[in-house]
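Undergrad: Encoded as structure tokens, here's the structure I'll be asking about.
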Amino acid sequence: MSIPQSGGGPIEHHSQMVEYLAKGCKPREDWRIGTEHEKFGFCEDTHKPLPYEGERSIFAVLDGLRQKFDWAPVTEGGKLIGLEKDGANVSLEPGGALELSGAPVETIHQTCDEVNSHLAEVKAVSDEIGVKFIGLGAAPEWRHEEMPLMPKGRYKLMNDYMEKVGTMGTAMMRRTCTVQVNLDFGSEADMVQKMRVALALQPVATALFANSPFFEGKVNDHKSWRAVIWRNLDADRTGMLPFVFEDGFGFEAWTDWVLDVPMYFVYRDGKYINALGMSFRDFLKGKLPALPGETPTLSDWADHLTTVFPEARMKQFIEMRGADGGPWRRLCALPAFWVGLMYDQTALDAAWDVCKNWTAEQRDALRVGASVDGLQAKVDHISMHELAREVVAISEAGLKARARAGAGGLVPDETHFLNALKDSIETGMTPADELLSKYHGEWAGDLSKIYDAYAY
């Protein structure tokens with residue numbers, strides 16, 4: 001989850017909000033890769049989720065990272081809620097999942113080194129206190145009441161609102177994990193093409209990374225239950241956004257959509273002020289009930305931008321949000337998949353050619369199909385398996401064209417990071433399929449086996 005934004009002056013004109021987004025435009029040489037991933041912590045012996053405080057807790061892990069590896073603390077209300085170092089952040093998800101928001105880097109080699117270093121640090125700390133972490137899209141057994149809400153003001157407000165809209169908002173907050181990548185754009189036209197490809201092909205990522213076939217101790221008949229939860233969260237702020245594919249889409253249209261998304265909060269003097277369901281448009285007029293007579297700053301606008309949750313989200317960069325959290329190997333595959341598609345123009349054009357004639361109904365159906373059936377999904381004439389094969393091949397070509405070497409030049413490009421996805425395409429088996437095979441086979445229906453088998 002995002003941290004409070006800062007550095008913005010008062011909003012005096014509508015155009016400032018549009019210009020804020022446009023400031024994300026960067027020349028190609030400045031494009032970077034920011035990878036984020038979440039993982040569930042649990043007690044090694046009991047397999048129970050971690051509380052915030054105690055000998056075996058989220059606080060103990062954060063404080064251990066701070067002491068052993070020189071991370072700087074981030075606090076709220078006197079509570080340790082995160083860490084910062086070298087442009088990266090470690091933060092808490094609402095239910096206690098631990099998230100790494102990586103520093104912006106130039107290559108997949110660098111982002112994978114960062115992921116590896118972080119997981120090694122987490123393991124060094126957690127092994128000492130009998131804690132483990134696991135990468136899954138949804139908590140396999142834990143129920144809502146077992147998942148503590150972390151001590152962040154934003155989460156308390158969101159939790160209250162989630163209980164009133166949709167049906168699965170609180171499940172999203174406490175019991176889902178994802179891996180995502182944040183990528184840059186060069187111009188408004190580049191942003192438009194990337195947003196359209198990101199949204200249309202997000203179901204391919206959902207299928208390839210599907211990793212949540214269990215929920216509350218049972219097989220749930222979906223390859224990605226995380227995706228089900230997101231579909232039933234809050235219709236005002238989620239989805240595939242058909243307006244992005246309409247003529248004239250750009251920064252202005254995105255601004256208008258976000259302005260109509262109900263607010264969660266306003267951040268003032270280190271505190272979150274309840275603005276649940278209120279209108280940012282009223283805020284612009286000084287008519288926000290939570291702060292009568294006060295008008296917003298660009299920092300408030302930046303905060304509000306973090307409260308929309310579509311399958312791809314634009315801020316001053318684009319976030320790819322459709323994948324389940326997963327095993328170590330796949331944490332590097334997700335940024336590789338999207339960088340290959342987005343950071344080479346020939347690949348981006350080819351990706352758009354694949355999906356540009358789909359209807360809004362087909363895009364939605366693919367989203368649902370990926371969640372239910374993974375690579376076995378079929379929508380009209382579209383086979384998800386063959387679509388994934390084609391799109392991964394385009395991504396591989398894009399990574400080859402980038403030709404970003406690693407390991408001191410010994411590795412010529414970034415294509416090997418796609419190997420996990422290529423394996424899935426060849427076998428037809430996503431992580432969810434592998435989990436189900438073990439559950440019905442060697443685990444003999446004992447879901448507790450998942451913890452030892454898949455802990456980092």
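In the structure tokens, each chain is lettered A, B, ... as it comes, each chain's residues begin at 1, and ligands are numbered from 1 in order of appearance.
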Within 8 Å of A:Ala403, counting only C-alpha atoms, which residues qualify if same-chain residues fewer than 3 places away don't, as a list of chain:residue names?
TA: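 The neighbour list is A:Leu399, A:Lys400, A:Pro412, A:Asp413, A:Glu414.
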Undergrad: So that I can see what lies close to stretch 145-153 of chain A, please list as number ranges by chain the residues with an atom at most 8 Å from it, counting only C-alpha atoms and leaving out residues fewer than 5 positions away in the same chain.
TA: A: 49-52, 76, 79, 81, 92-96, 174-175, 271-272
Undergrad: Show me, as a Markdown table, the residues of stretch 139-167 of chain A having an atom within 12 Å of stretch 277-298 of chain A, each with the closest atom pair and its distance in Å, using only C-alpha atoms.
TA:
```
| residue | atom | partner | partner_atom | distance |
| --- | --- | --- | --- | --- |
| A:Leu157 | CA | A:Gly277 | CA | 10.7 |
| A:Met158 | CA | A:Gly277 | CA | 10.5 |
| A:Asp160 | CA | A:Gly277 | CA | 11.0 |
| A:Tyr161 | CA | A:Gly277 | CA | 7.9 |
| A:Met162 | CA | A:Gly277 | CA | 10.7 |
| A:Lys164 | CA | A:Gly277 | CA | 10.2 |
| A:Val165 | CA | A:Gly277 | CA | 10.1 |
```
Undergrad: Could you give me, as a PyMOL selection string, the residues within 6 Å of A:Leu375, counting only C-alpha atoms and dropping anything in the same chain fewer than 3 positions from it?
TA: chain A and resi 207+384-385
Undergrad: Using only C-alpha atoms, pick whichever of A:Val197, A:Ile11, A:Pro242, A:Arg28 has the shortest atom-to-atom distance to A:Ser299.
TA: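 Once distances to A:Ser299 are computed over only C-alpha atoms, the minimum belongs to A:Ile11.
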Undergrad: Neighbours of A:Glu38 within 8 Å (only C-alpha atoms; same-chain residues fewer than 3 positions away dropped), as a list in words?
TA: Glu93, Ala97, Leu98, Glu99, Leu100, Gly135, Cys177, Thr178, Val179 and Gly325 of chain A
Undergrad: Write out as a ChimeraX atom specification each polymer residue whose atoms come within 8 Å of stretch 436-449 of chain A, counting only C-alpha atoms; drop sequence neighbours fewer than 6 positions from it.
TA: /A:47,140,213,217
Undergrad: Kindly indicate which residue among A:Tyr264, A:Trp301, A:Trp230, A:Trp254 lies nearest to A:Met172, using only C-alpha atoms for the distances.
TA: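 Ranking A:Tyr264, A:Trp301, A:Trp230, A:Trp254 by distance to A:Met172, first place goes to A:Trp230.
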Undergrad: Write down as a ChimeraX atom specification the residues of stretch 337-434 of chain A whose backbone DSSP state falls under strand (DSSP E).
TA: /A:378-379,382-383
